[in-house]
>>> print(open('final_15.json').read())   # JSON, C-alpha atoms
[["chain", "number", "residue", "atom", "x", "y", "z"],
["A", 6, "ALA", "CA", 325.13, -33.64, -22.35],
["A", 7, "PRO", "CA", 322.23, -31.81, -20.70],
["A", 8, "ALA", "CA", 322.69, -28.17, -19.78],
["A", 9, "PRO", "CA", 324.28, -27.81, -16.33],
["A", 10, "ALA", "CA", 321.86, -27.01, -13.53],
["A", 11, "PRO", "CA", 322.47, -24.15, -11.09],
["A", 12, "VAL", "CA", 324.55, -25.04, -8.09],
["A", 13, "THR", "CA", 322.05, -25.50, -5.28],
["A", 14, "SER", "CA", 323.26, -24.77, -1.83],
["A", 15, "ALA", "CA", 320.53, -25.45, 0.64],
["A", 16, "THR", "CA", 319.25, -28.94, 1.32],
["A", 17, "ALA", "CA", 315.58, -28.80, 0.44],
["A", 18, "ALA", "CA", 313.24, -29.13, 3.39],
["A", 19, "SER", "CA", 309.48, -29.46, 3.76],
["A", 20, "PRO", "CA", 307.50, -26.25, 4.28],
["A", 21, "PRO", "CA", 307.32, -25.25, 7.94],
["A", 22, "PRO", "CA", 304.16, -26.17, 9.85],
["A", 23, "PRO", "CA", 302.00, -23.44, 11.40],
["A", 24, "SER", "CA", 303.65, -21.53, 14.23],
["A", 25, "SER", "CA", 303.32, -23.03, 17.68],
["A", 26, "THR", "CA", 302.15, -21.17, 20.72],
["A", 27, "VAL", "CA", 305.31, -22.22, 22.56],
["A", 28, "PRO", "CA", 307.53, -19.16, 23.18],
["A", 29, "ALA", "CA", 310.40, -18.92, 20.74],
["A", 30, "ALA", "CA", 313.95, -19.50, 21.90],
["A", 31, "PRO", "CA", 316.37, -16.56, 21.73],
["A", 32, "VAL", "CA", 317.53, -15.93, 18.17],
["A", 33, "VAL", "CA", 321.18, -16.74, 17.53],
["A", 34, "ARG", "CA", 322.80, -13.58, 16.21],
["A", 35, "PRO", "CA", 326.39, -12.77, 15.23],
["A", 36, "ALA", "CA", 328.35, -9.92, 16.70],
["A", 37, "ALA", "CA", 327.37, -6.44, 15.57],
["A", 38, "ALA", "CA", 328.90, -5.27, 12.29],
["A", 39, "GLY", "CA", 331.51, -3.14, 14.01],
["A", 40, "GLU", "CA", 332.68, -6.14, 16.04],
["A", 41, "ARG", "CA", 333.13, -8.49, 13.10],
["A", 42, "LEU", "CA", 336.04, -8.68, 10.69],
["A", 43, "GLU", "CA", 336.43, -8.33, 6.95],
["A", 44, "PHE", "CA", 339.15, -9.95, 4.85],
["A", 45, "PRO", "CA", 340.40, -7.47, 2.21],
["A", 46, "LYS", "CA", 342.88, -9.87, 0.61],
["A", 47, "LEU", "CA", 340.82, -13.06, 0.91],
["A", 48, "ARG", "CA", 341.22, -15.61, -1.89],
["A", 49, "ALA", "CA", 339.04, -18.64, -2.44],
["A", 50, "SER", "CA", 342.02, -20.94, -1.89],
["A", 51, "ALA", "CA", 342.24, -19.67, 1.69],
["A", 52, "PHE", "CA", 339.00, -21.36, 2.73],
["A", 53, "ARG", "CA", 338.39, -24.14, 0.19],
["A", 54, "HIS", "CA", 337.95, -27.63, 1.59],
["A", 55, "PRO", "CA", 341.10, -29.73, 0.85],
["A", 56, "ILE", "CA", 339.28, -31.94, -1.70],
["A", 57, "ASP", "CA", 337.79, -28.90, -3.41],
["A", 58, "LEU", "CA", 341.19, -27.17, -3.48],
["A", 59, "ARG", "CA", 343.04, -30.20, -4.82],
["A", 60, "MET", "CA", 340.52, -30.89, -7.58],
["A", 61, "THR", "CA", 340.27, -27.22, -8.56],
["A", 62, "ARG", "CA", 344.03, -26.95, -8.96],
["A", 63, "LEU", "CA", 344.08, -30.14, -11.00],
["A", 64, "LEU", "CA", 341.34, -28.99, -13.36],
["A", 65, "GLY", "CA", 342.84, -25.51, -13.46],
["A", 66, "THR", "CA", 345.62, -26.88, -15.66],
["A", 67, "PHE", "CA", 343.04, -27.49, -18.44],
["A", 68, "ARG", "CA", 342.53, -23.83, -19.36],
["A", 69, "PRO", "CA", 341.01, -24.49, -22.83],
["A", 70, "LEU", "CA", 338.30, -26.53, -21.11],
["A", 71, "GLN", "CA", 337.56, -23.65, -18.73],
["A", 72, "THR", "CA", 337.23, -21.28, -21.68],
["A", 73, "LEU", "CA", 334.87, -23.71, -23.39],
["A", 74, "VAL", "CA", 332.70, -24.04, -20.29],
["A", 75, "ARG", "CA", 332.49, -20.27, -19.73],
["A", 76, "GLY", "CA", 331.38, -19.82, -23.32],
["A", 77, "ALA", "CA", 328.80, -22.59, -23.02],
["A", 78, "LEU", "CA", 327.40, -21.21, -19.76],
["A", 79, "ALA", "CA", 327.00, -17.64, -21.05],
["A", 80, "PRO", "CA", 323.68, -18.30, -22.90],
["A", 81, "LEU", "CA", 322.35, -20.22, -19.89],
["A", 82, "GLU", "CA", 323.32, -17.35, -17.60],
["A", 83, "TYR", "CA", 321.38, -14.88, -19.76],
["A", 84, "PHE", "CA", 318.40, -17.23, -20.02],
["A", 85, "MET", "CA", 318.25, -17.46, -16.23],
["A", 86, "TYR", "CA", 318.60, -13.68, -15.99],
["A", 87, "LEU", "CA", 315.50, -13.30, -18.16],
["A", 88, "ASP", "CA", 313.65, -15.86, -16.03],
["A", 89, "ASN", "CA", 314.64, -14.17, -12.77],
["A", 90, "ILE", "CA", 313.91, -10.62, -13.87],
["A", 91, "SER", "CA", 310.49, -11.66, -15.20],
["A", 92, "SER", "CA", 309.23, -13.91, -12.41],
["A", 93, "ALA", "CA", 310.99, -12.95, -9.16],
["A", 94, "VAL", "CA", 311.53, -9.83, -7.03],
["A", 95, "LYS", "CA", 314.95, -8.23, -7.55],
["A", 96, "VAL", "CA", 316.55, -7.00, -4.32],
["A", 97, "SER", "CA", 317.96, -3.47, -4.41],
["A", 98, "GLU", "CA", 318.51, -0.41, -2.26],
["A", 99, "ARG", "CA", 314.80, 0.35, -2.78],
["A", 100, "GLN", "CA", 313.41, -3.18, -2.84],
["A", 101, "LEU", "CA", 314.00, -5.14, 0.38],
["A", 102, "PRO", "CA", 316.88, -2.78, 1.28],
["A", 103, "ARG", "CA", 317.89, -4.66, 4.42],
["A", 104, "ILE", "CA", 318.55, -7.85, 2.44],
["A", 105, "HIS", "CA", 320.51, -5.72, -0.02],
["A", 106, "GLU", "CA", 322.61, -4.38, 2.86],
["A", 107, "LEU", "CA", 323.25, -7.92, 4.17],
["A", 108, "LEU", "CA", 324.46, -8.87, 0.70],
["A", 109, "ARG", "CA", 326.72, -5.84, 0.37],
["A", 110, "GLU", "CA", 328.18, -6.44, 3.81],
["A", 111, "SER", "CA", 328.83, -10.11, 3.00],
["A", 112, "CYS", "CA", 330.61, -9.19, -0.24],
["A", 113, "GLU", "CA", 332.78, -6.74, 1.66],
["A", 114, "ILE", "CA", 333.76, -9.37, 4.23],
["A", 115, "LEU", "CA", 334.59, -11.96, 1.54],
["A", 116, "ASN", "CA", 336.44, -9.50, -0.73],
["A", 117, "LEU", "CA", 334.07, -10.14, -3.63],
["A", 118, "GLY", "CA", 333.80, -6.73, -5.25],
["A", 119, "GLU", "CA", 330.56, -5.89, -7.05],
["A", 120, "PRO", "CA", 327.63, -7.79, -5.48],
["A", 121, "PRO", "CA", 325.63, -10.17, -7.67],
["A", 122, "SER", "CA", 321.92, -9.65, -8.22],
["A", 123, "VAL", "CA", 319.65, -11.31, -5.66],
["A", 124, "TYR", "CA", 316.13, -12.42, -6.50],
["A", 125, "ILE", "CA", 313.41, -13.56, -4.11],
["A", 126, "LYS", "CA", 311.23, -16.17, -5.79],
["A", 127, "GLN", "CA", 307.93, -17.49, -4.49],
["A", 128, "ASN", "CA", 308.39, -21.16, -3.63],
["A", 129, "PRO", "CA", 307.17, -23.25, -0.66],
["A", 130, "VAL", "CA", 310.37, -25.33, -0.56],
["A", 131, "PRO", "CA", 313.16, -23.52, 1.36],
["A", 132, "ASN", "CA", 316.19, -23.31, -0.91],
["A", 133, "ALA", "CA", 318.73, -20.98, -2.49],
["A", 134, "TYR", "CA", 320.97, -21.37, -5.52],
["A", 135, "THR", "CA", 323.35, -19.70, -7.95],
["A", 136, "LEU", "CA", 324.84, -20.59, -11.31],
["A", 137, "ALA", "CA", 328.17, -20.01, -9.56],
["A", 138, "ILE", "CA", 330.05, -18.18, -12.30],
["A", 139, "ARG", "CA", 331.22, -14.59, -12.21],
["A", 140, "GLY", "CA", 329.98, -13.77, -15.70],
["A", 141, "LYS", "CA", 328.02, -10.79, -16.99],
["A", 142, "GLN", "CA", 324.87, -11.55, -14.97],
["A", 143, "PRO", "CA", 325.90, -13.26, -11.70],
["A", 144, "PHE", "CA", 322.91, -13.93, -9.47],
["A", 145, "ILE", "CA", 321.56, -15.61, -6.36],
["A", 146, "VAL", "CA", 317.98, -16.83, -6.06],
["A", 147, "VAL", "CA", 316.43, -17.25, -2.61],
["A", 148, "HIS", "CA", 313.02, -18.86, -2.15],
["A", 149, "SER", "CA", 310.47, -16.83, -0.23],
["A", 150, "SER", "CA", 309.88, -19.70, 2.21],
["A", 151, "LEU", "CA", 313.55, -19.61, 3.19],
["A", 152, "VAL", "CA", 313.35, -15.88, 3.96],
["A", 153, "ASP", "CA", 310.32, -16.59, 6.16],
["A", 154, "LEU", "CA", 312.06, -19.48, 7.90],
["A", 155, "LEU", "CA", 315.32, -17.79, 8.91],
["A", 156, "SER", "CA", 316.41, -14.99, 11.19],
["A", 157, "GLU", "CA", 318.35, -12.07, 9.70],
["A", 158, "SER", "CA", 321.77, -13.44, 10.64],
["A", 159, "GLU", "CA", 320.84, -16.88, 9.30],
["A", 160, "LEU", "CA", 319.67, -15.39, 6.00],
["A", 161, "GLN", "CA", 322.99, -13.58, 5.71],
["A", 162, "ALA", "CA", 324.77, -16.90, 6.24],
["A", 163, "VAL", "CA", 322.79, -18.34, 3.30],
["A", 164, "LEU", "CA", 323.77, -15.39, 1.13],
["A", 165, "ALA", "CA", 327.39, -15.85, 2.19],
["A", 166, "HIS", "CA", 327.23, -19.56, 1.31],
["A", 167, "GLU", "CA", 326.04, -18.67, -2.20],
["A", 168, "LEU", "CA", 328.72, -16.00, -2.49],
["A", 169, "GLY", "CA", 331.21, -18.74, -1.63],
["A", 170, "HIS", "CA", 330.07, -20.66, -4.72],
["A", 171, "LEU", "CA", 330.55, -17.52, -6.81],
["A", 172, "LYS", "CA", 333.97, -16.72, -5.36],
["A", 173, "CYS", "CA", 335.10, -20.30, -5.98],
["A", 174, "GLU", "CA", 333.39, -20.33, -9.40],
["A", 175, "HIS", "CA", 332.12, -23.82, -8.74],
["A", 176, "GLY", "CA", 329.81, -23.54, -11.74],
["A", 177, "VAL", "CA", 332.81, -23.45, -14.07],
["A", 178, "TYR", "CA", 334.95, -26.10, -12.41],
["A", 179, "LEU", "CA", 332.21, -28.60, -11.57],
["A", 180, "THR", "CA", 330.63, -28.28, -15.01],
["A", 181, "ALA", "CA", 334.04, -28.93, -16.57],
["A", 182, "ALA", "CA", 334.48, -31.98, -14.34],
["A", 183, "ASN", "CA", 331.07, -33.30, -15.34],
["A", 184, "LEU", "CA", 331.88, -32.77, -19.02],
["A", 185, "LEU", "CA", 335.02, -34.87, -18.62],
["A", 186, "LEU", "CA", 332.96, -37.49, -16.85],
["A", 187, "VAL", "CA", 330.40, -37.57, -19.67],
["A", 188, "LEU", "CA", 333.23, -37.80, -22.18],
["A", 189, "ALA", "CA", 334.72, -40.78, -20.38],
["A", 190, "THR", "CA", 331.47, -42.63, -19.72],
["A", 191, "ASP", "CA", 329.20, -41.82, -22.68],
["A", 192, "VAL", "CA", 331.17, -40.38, -25.60],
["A", 193, "LEU", "CA", 334.37, -42.37, -25.96],
["A", 194, "PRO", "CA", 334.03, -45.81, -27.60],
["A", 195, "ALA", "CA", 332.95, -48.63, -25.29],
["A", 196, "GLY", "CA", 335.88, -50.46, -23.82],
["A", 197, "LEU", "CA", 338.32, -47.57, -24.25],
["A", 198, "VAL", "CA", 337.83, -46.50, -20.63],
["A", 199, "PRO", "CA", 337.61, -49.44, -18.20],
["A", 200, "ARG", "CA", 334.44, -49.65, -16.13],
["A", 201, "SER", "CA", 336.46, -49.48, -12.92],
["A", 202, "VAL", "CA", 337.96, -46.16, -14.05],
["A", 203, "LYS", "CA", 334.51, -44.78, -14.88],
["A", 204, "GLU", "CA", 333.26, -45.70, -11.40],
["A", 205, "VAL", "CA", 336.26, -44.05, -9.77],
["A", 206, "LEU", "CA", 335.66, -40.87, -11.80],
["A", 207, "GLN", "CA", 331.98, -40.81, -10.81],
["A", 208, "VAL", "CA", 332.79, -41.18, -7.12],
["A", 209, "ALA", "CA", 335.50, -38.50, -7.37],
["A", 210, "VAL", "CA", 333.17, -35.96, -8.98],
["A", 211, "ARG", "CA", 330.42, -36.59, -6.42],
["A", 212, "ARG", "CA", 332.96, -36.19, -3.59],
["A", 213, "TRP", "CA", 334.08, -32.92, -5.13],
["A", 214, "VAL", "CA", 330.48, -31.65, -5.34],
["A", 215, "ARG", "CA", 329.97, -32.38, -1.65],
["A", 216, "ALA", "CA", 333.34, -30.85, -0.74],
["A", 217, "ALA", "CA", 332.29, -27.68, -2.58],
["A", 218, "GLU", "CA", 329.41, -27.39, -0.12],
["A", 219, "PHE", "CA", 331.87, -27.66, 2.77],
["A", 220, "SER", "CA", 333.90, -24.83, 1.21],
["A", 221, "CYS", "CA", 330.84, -22.60, 1.03],
["A", 222, "ASP", "CA", 329.81, -23.41, 4.59],
["A", 223, "ARG", "CA", 333.23, -22.02, 5.50],
["A", 224, "ALA", "CA", 332.45, -18.85, 3.54],
["A", 225, "ALA", "CA", 329.24, -18.58, 5.57],
["A", 226, "LEU", "CA", 331.23, -18.91, 8.77],
["A", 227, "LEU", "CA", 333.68, -16.23, 7.66],
["A", 228, "VAL", "CA", 330.73, -13.84, 7.38],
["A", 229, "ALA", "CA", 328.77, -14.95, 10.46],
["A", 230, "GLN", "CA", 331.92, -15.57, 12.55],
["A", 231, "ASP", "CA", 329.79, -17.78, 14.77],
["A", 232, "ALA", "CA", 329.31, -21.46, 13.87],
["A", 233, "ARG", "CA", 325.99, -21.53, 15.73],
["A", 234, "VAL", "CA", 324.47, -19.19, 13.14],
["A", 235, "VAL", "CA", 325.39, -21.53, 10.26],
["A", 236, "ALA", "CA", 324.34, -24.57, 12.28],
["A", 237, "ALA", "CA", 320.96, -22.92, 12.89],
["A", 238, "VAL", "CA", 320.43, -22.74, 9.12],
["A", 239, "MET", "CA", 321.11, -26.49, 8.82],
["A", 240, "MET", "CA", 318.80, -27.19, 11.74],
["A", 241, "LYS", "CA", 315.91, -25.23, 10.25],
["A", 242, "LEU", "CA", 316.39, -26.81, 6.83],
["A", 243, "CYS", "CA", 316.14, -30.20, 8.52],
["A", 244, "GLY", "CA", 313.01, -29.44, 10.53],
["A", 245, "GLY", "CA", 312.62, -25.75, 11.19],
["A", 246, "VAL", "CA", 309.31, -24.25, 12.24],
["A", 247, "GLY", "CA", 309.99, -20.63, 11.43],
["A", 248, "LYS", "CA", 311.02, -17.55, 13.36],
["A", 249, "GLY", "CA", 308.19, -17.64, 15.87],
["A", 250, "GLY", "CA", 307.55, -21.34, 16.45],
["A", 251, "GLY", "CA", 309.07, -23.85, 18.82],
["A", 252, "GLU", "CA", 311.99, -23.85, 21.19],
["A", 253, "MET", "CA", 314.66, -24.87, 18.73],
["A", 254, "ASP", "CA", 318.04, -25.37, 20.40],
["A", 255, "VAL", "CA", 321.10, -24.95, 18.18],
["A", 256, "GLU", "CA", 323.44, -26.48, 20.75],
["A", 257, "ALA", "CA", 321.27, -29.60, 20.89],
["A", 258, "PHE", "CA", 321.35, -29.88, 17.11],
["A", 259, "MET", "CA", 325.12, -29.49, 17.11],
["A", 260, "GLY", "CA", 325.17, -32.33, 19.62],
["A", 261, "GLN", "CA", 323.40, -34.52, 17.06],
["A", 262, "ALA", "CA", 326.58, -34.45, 14.97],
["A", 263, "LYS", "CA", 328.47, -36.18, 17.79],
["A", 264, "GLU", "CA", 325.60, -38.60, 18.36],
["A", 265, "TYR", "CA", 325.58, -39.45, 14.65],
["A", 266, "ALA", "CA", 329.32, -40.16, 14.64],
["A", 267, "GLU", "CA", 328.92, -42.47, 17.63],
["A", 268, "ALA", "CA", 325.93, -44.22, 16.04],
["A", 269, "VAL", "CA", 327.85, -44.84, 12.82],
["A", 270, "GLY", "CA", 330.70, -46.30, 14.84],
["A", 271, "ARG", "CA", 328.33, -48.80, 16.48],
["A", 272, "ALA", "CA", 326.42, -49.72, 13.31],
["A", 273, "PRO", "CA", 326.71, -53.27, 11.90],
["A", 274, "ARG", "CA", 328.91, -53.37, 8.82],
["A", 275, "SER", "CA", 326.02, -54.10, 6.43],
["A", 276, "THR", "CA", 324.05, -51.14, 7.79],
["A", 277, "TRP", "CA", 327.06, -48.85, 7.61],
["A", 278, "VAL", "CA", 327.82, -49.86, 4.00],
["A", 279, "ALA", "CA", 324.22, -49.25, 2.91],
["A", 280, "HIS", "CA", 324.12, -45.88, 4.69],
["A", 281, "ALA", "CA", 327.49, -44.84, 3.21],
["A", 282, "ALA", "CA", 326.33, -45.78, -0.29],
["A", 283, "MET", "CA", 323.21, -43.66, 0.12],
["A", 284, "SER", "CA", 325.21, -40.70, 1.44],
["A", 285, "GLN", "CA", 327.76, -40.88, -1.37],
["A", 286, "SER", "CA", 325.03, -40.67, -4.00],
["A", 287, "MET", "CA", 323.80, -37.34, -2.62],
["A", 288, "SER", "CA", 324.75, -33.95, -4.05],
["A", 289, "HIS", "CA", 325.00, -32.40, -0.58],
["A", 290, "PRO", "CA", 326.65, -33.76, 2.57],
["A", 291, "LEU", "CA", 324.35, -34.84, 5.37],
["A", 292, "PRO", "CA", 323.36, -31.79, 7.47],
["A", 293, "VAL", "CA", 324.89, -33.15, 10.69],
["A", 294, "LEU", "CA", 328.15, -33.83, 8.84],
["A", 295, "ARG", "CA", 328.17, -30.26, 7.59],
["A", 296, "VAL", "CA", 327.76, -29.02, 11.14],
["A", 297, "SER", "CA", 330.50, -31.35, 12.41],
["A", 298, "GLU", "CA", 332.87, -30.31, 9.62],
["A", 299, "LEU", "CA", 332.23, -26.62, 10.32],
["A", 300, "MET", "CA", 332.76, -27.03, 14.07],
["A", 301, "GLN", "CA", 336.13, -28.64, 13.39],
["A", 302, "TRP", "CA", 337.16, -25.90, 10.97],
["A", 303, "GLU", "CA", 336.16, -23.19, 13.44],
["A", 304, "LYS", "CA", 338.77, -24.63, 15.82],
["A", 305, "SER", "CA", 341.44, -25.01, 13.14],
["A", 306, "ALA", "CA", 344.66, -23.04, 12.77],
["A", 307, "GLN", "CA", 343.59, -22.14, 9.22],
["A", 308, "TYR", "CA", 340.46, -20.35, 10.41],
["A", 309, "LYS", "CA", 342.26, -18.64, 13.29],
["A", 310, "LYS", "CA", 344.94, -17.43, 10.86],
["A", 311, "LEU", "CA", 342.27, -15.88, 8.65],
["A", 312, "LEU", "CA", 340.73, -14.10, 11.64],
["A", 313, "ALA", "CA", 344.15, -12.83, 12.67],
["A", 314, "GLY", "CA", 344.59, -11.30, 9.22],
["A", 315, "GLY", "CA", 341.19, -9.59, 9.18],
["A", 316, "LYS", "CA", 340.36, -5.99, 10.03],
["A", 317, "PRO", "CA", 337.31, -4.55, 11.81],
["A", 318, "LEU", "CA", 334.27, -4.32, 9.56],
["A", 319, "GLU", "CA", 333.04, -0.78, 9.14],
["A", 320, "MET", "CA", 329.38, -0.29, 10.03],
["A", 321, "ARG", "CA", 327.42, 1.14, 7.13],
["A", 322, "GLY", "CA", 323.75, 1.40, 6.29],
["A", 323, "ALA", "CA", 320.70, 0.86, 8.41],
["A", 324, "GLN", "CA", 320.88, -1.78, 11.12],
["A", 325, "GLU", "CA", 317.17, -2.33, 11.70],
["A", 326, "ALA", "CA", 315.90, -5.92, 11.62],
["A", 327, "LEU", "CA", 314.07, -7.45, 8.71],
["A", 328, "PRO", "CA", 310.31, -7.01, 8.87]]
>>> encode(input="final_15.json", output="structure tokens")
Amino acid sequence: APAPAPVTSATAASPPPPSSTVPAAPVVRPAAAGERLEFPKLRASAFRHPIDLRMTRLLGTFRPLQTLVRGALAPLEYFMYLDNISSAVKVSERQLPRIHELLRESCEILNLGEPPSVYIKQNPVPNAYTLAIRGKQPFIVVHSSLVDLLSESELQAVLAHELGHLKCEHGVYLTAANLLLVLATDVLPAGLVPRSVKEVLQVAVRRWVRAAEFSCDRAALLVAQDARVVAAVMMKLCGGVGKGGGEMDVEAFMGQAKEYAEAVGRAPRSTWVAHAAMSQSMSHPLPVLRVSELMQWEKSAQYKKLLAGGKPLEMRGAQEALP
């Protein structure tokens, strides 16, 4: 089987067009650090999407497979470390210190301990990714175009999303699931595993991959503590024009999620089936579905229970905006 690719977390978008002369809309920002909460005892199971949680617990019973995957990913992790350290800018207290502070603050909120390394890599396609294992060289890579596209609070939501992948160790579990899938579909003798079973396994793994993105959107919300901030990231990845261009309205974009649900309900069956098939083949949920899912979770008893168990986040470090 081919080496597993890093878990990507942002739906790739086209590079933003030149800034417009139209005045920018007010930037959506979360509450100040002292007004937000941190979650000292937070576990990944507390915010995982139900599908992600169920599949993780199921695969968690195969501990030898987890050990095998961790061992197999270790060389890849070091290879990517060499690539990052040689061809990207490593964030630190001296290098892009404000991004470093956003990372540290996010780790504190999510109870993640030692922060991973963050690298800013020159790339015109807005994206961010992580290998999603807490090994010897955990890392997050953020493309320079994404830093340019987002406000400070939105960039922190992206970092928090990637930290969600690390906290959930999606790299380990999803790689293990894909190995089992390859075993069932390509390694075992033909006819041993019925075709119908193979198709069910493929659909299940793809659903799990998309559910993992929902889990990490929840991690982003736990850090931002304002669904509009996370929704703004989705909006800009769909068609953002940067910090200074256009009157982008987050509330209007959130309204698209409701419009989409209504449109799907009215669609002819053949159209709905074709659209569903396309969506199910994707590695990431549709952006409007991610927004809709997050809006529902923000209203849930589970999220409110987490907030009730949090404590005020201590303000540390400089609070000036990103340049």
>>> closest_atom_pairs(input="final_15.json", of="region 147-264 of chain A", to="region 130-142 of chain A", cutoff="6 Å", atoms="all atoms listed in the file", output="tab-separated table")
residue	atom	partner	partner_atom	distance
A:Val147	CA	A:Ala133	CA	4.4
A:His148	CA	A:Asn132	CA	5.6
A:Ser150	CA	A:Pro131	CA	5.1
A:Leu151	CA	A:Pro131	CA	4.3
A:His170	CA	A:Ala137	CA	5.2
A:Leu171	CA	A:Ala137	CA	4.4
A:Glu174	CA	A:Ile138	CA	4.9
A:His175	CA	A:Ala137	CA	5.5
A:Gly176	CA	A:Ala137	CA	4.5
>>> write_last_selection(input="final_15.json", atoms="C-alpha atoms", output="short mmCIF file (atom, residue, chain, number, x, y, z; two decimals), in the frame of the given file")
data_model
loop_
_atom_site.label_atom_id
_atom_site.label_comp_id
_atom_site.auth_asym_id
_atom_site.auth_seq_id
_atom_site.Cartn_x
_atom_site.Cartn_y
_atom_site.Cartn_z
CA VAL A 147 316.43 -17.25 -2.61
CA HIS A 148 313.02 -18.86 -2.15
CA SER A 150 309.88 -19.70 2.21
CA LEU A 151 313.55 -19.61 3.19
CA HIS A 170 330.07 -20.66 -4.72
CA LEU A 171 330.55 -17.52 -6.81
CA GLU A 174 333.39 -20.33 -9.40
CA HIS A 175 332.12 -23.82 -8.74
CA GLY A 176 329.81 -23.54 -11.74
#
>>> residues_around(input="final_15.json", residues="region 262-265 of chain A", least_positions_apart="5", cutoff="9 Å", atoms="only C-alpha atoms", output="list in words")
Gly270, Pro292, Val293, Leu294, Arg295, Val296 and Ser297 of chain A
>>> atom_distance(input="final_15.json", atom1="CA of His54 (chain A)", atom2="CA of Glu82 (chain A)")
26.2 Å
>>> closest_residue(input="final_15.json", among="A:Val228, A:Leu185, A:Val192, A:Ala77", to="Gly315 (chain A)", atoms="only C-alpha atoms")
A:Val228
>>> atom_distance(input="final_15.json", atom1="CA of Glu110 (chain A)", atom2="CA of Val238 (chain A)")
18.8 Å
>>> residues_near_point(input="final_15.json", point="(324.1, -18.5, 16.2)", cutoff="12 Å", atoms="only C-alpha atoms", output="PyMOL selection string")
chain A and resi 30-36+155-162+225-226+228-240+253-256+258-259
>>> closest_residue(input="final_15.json", among="A:Leu227, A:Val202, A:Ala257, A:Cys221", to="Leu168 (chain A)", atoms="all atoms listed in the file")
A:Cys221
>>> closest_residue(input="final_15.json", among="A:Cys243, A:Ala266, A:Ala181, A:Leu81", to="Pro69 (chain A)", atoms="all atoms listed in the file")
A:Ala181
>>> atom_distance(input="final_15.json", atom1="CA of Leu242 (chain A)", atom2="CA of Arg103 (chain A)")
22.3 Å
>>> closest_residue(input="final_15.json", among="A:Pro290, A:Gly76, A:Pro121, A:Pro194", to="Arg212 (chain A)", atoms="only C-alpha atoms")
A:Pro290
>>> residues_around(input="final_15.json", residues="Glu119 (chain A)", least_positions_apart="6", cutoff="10 Å", atoms="only C-alpha atoms", output="MDAnalysis selection string")
chainID A and resid 109 112:113 143
>>> write_last_selection(input="final_15.json", atoms="C-alpha atoms", output="PDB file, in the frame of the given file")
ATOM      1  CA  ARG A 109     326.720  -5.840   0.370  1.00  0.00           C
ATOM      2  CA  CYS A 112     330.610  -9.190  -0.240  1.00  0.00           C
ATOM      3  CA  GLU A 113     332.780  -6.740   1.660  1.00  0.00           C
ATOM      4  CA  PRO A 143     325.900 -13.260 -11.700  1.00  0.00           C
TER       5      PRO A 143
END
>>> axis_aligned_box(input="final_15.json", around="region 159-178 of chain A", padding_each_side="5 Å", output="lines of an AutoDock Vina configuration file")
center_x = 327.4
center_y = -19.8
center_z = -2.4
size_x = 25.4
size_y = 22.5
size_z = 33.4
>>> residues_around(input="final_15.json", residues="Ser92 (chain A)", least_positions_apart="6", cutoff="10 Å", atoms="all atoms listed in the file", output="list in words")
Tyr124, Ile125, Lys126 and Gln127 of chain A
>>> residues_around(input="final_15.json", residues="Ala224 (chain A)", least_positions_apart="6", cutoff="8 Å", atoms="only C-alpha atoms", output="mmCIF file with C-alpha atoms, keeping the file's coordinate frame")
data_model
loop_
_atom_site.group_PDB
_atom_site.id
_atom_site.type_symbol
_atom_site.label_atom_id
_atom_site.label_comp_id
_atom_site.auth_asym_id
_atom_site.auth_seq_id
_atom_site.Cartn_x
_atom_site.Cartn_y
_atom_site.Cartn_z
ATOM 1 C CA PHE A 52 339.000 -21.360 2.730
ATOM 2 C CA LEU A 115 334.590 -11.960 1.540
ATOM 3 C CA ALA A 165 327.390 -15.850 2.190
ATOM 4 C CA HIS A 166 327.230 -19.560 1.310
ATOM 5 C CA LEU A 168 328.720 -16.000 -2.490
ATOM 6 C CA GLY A 169 331.210 -18.740 -1.630
#
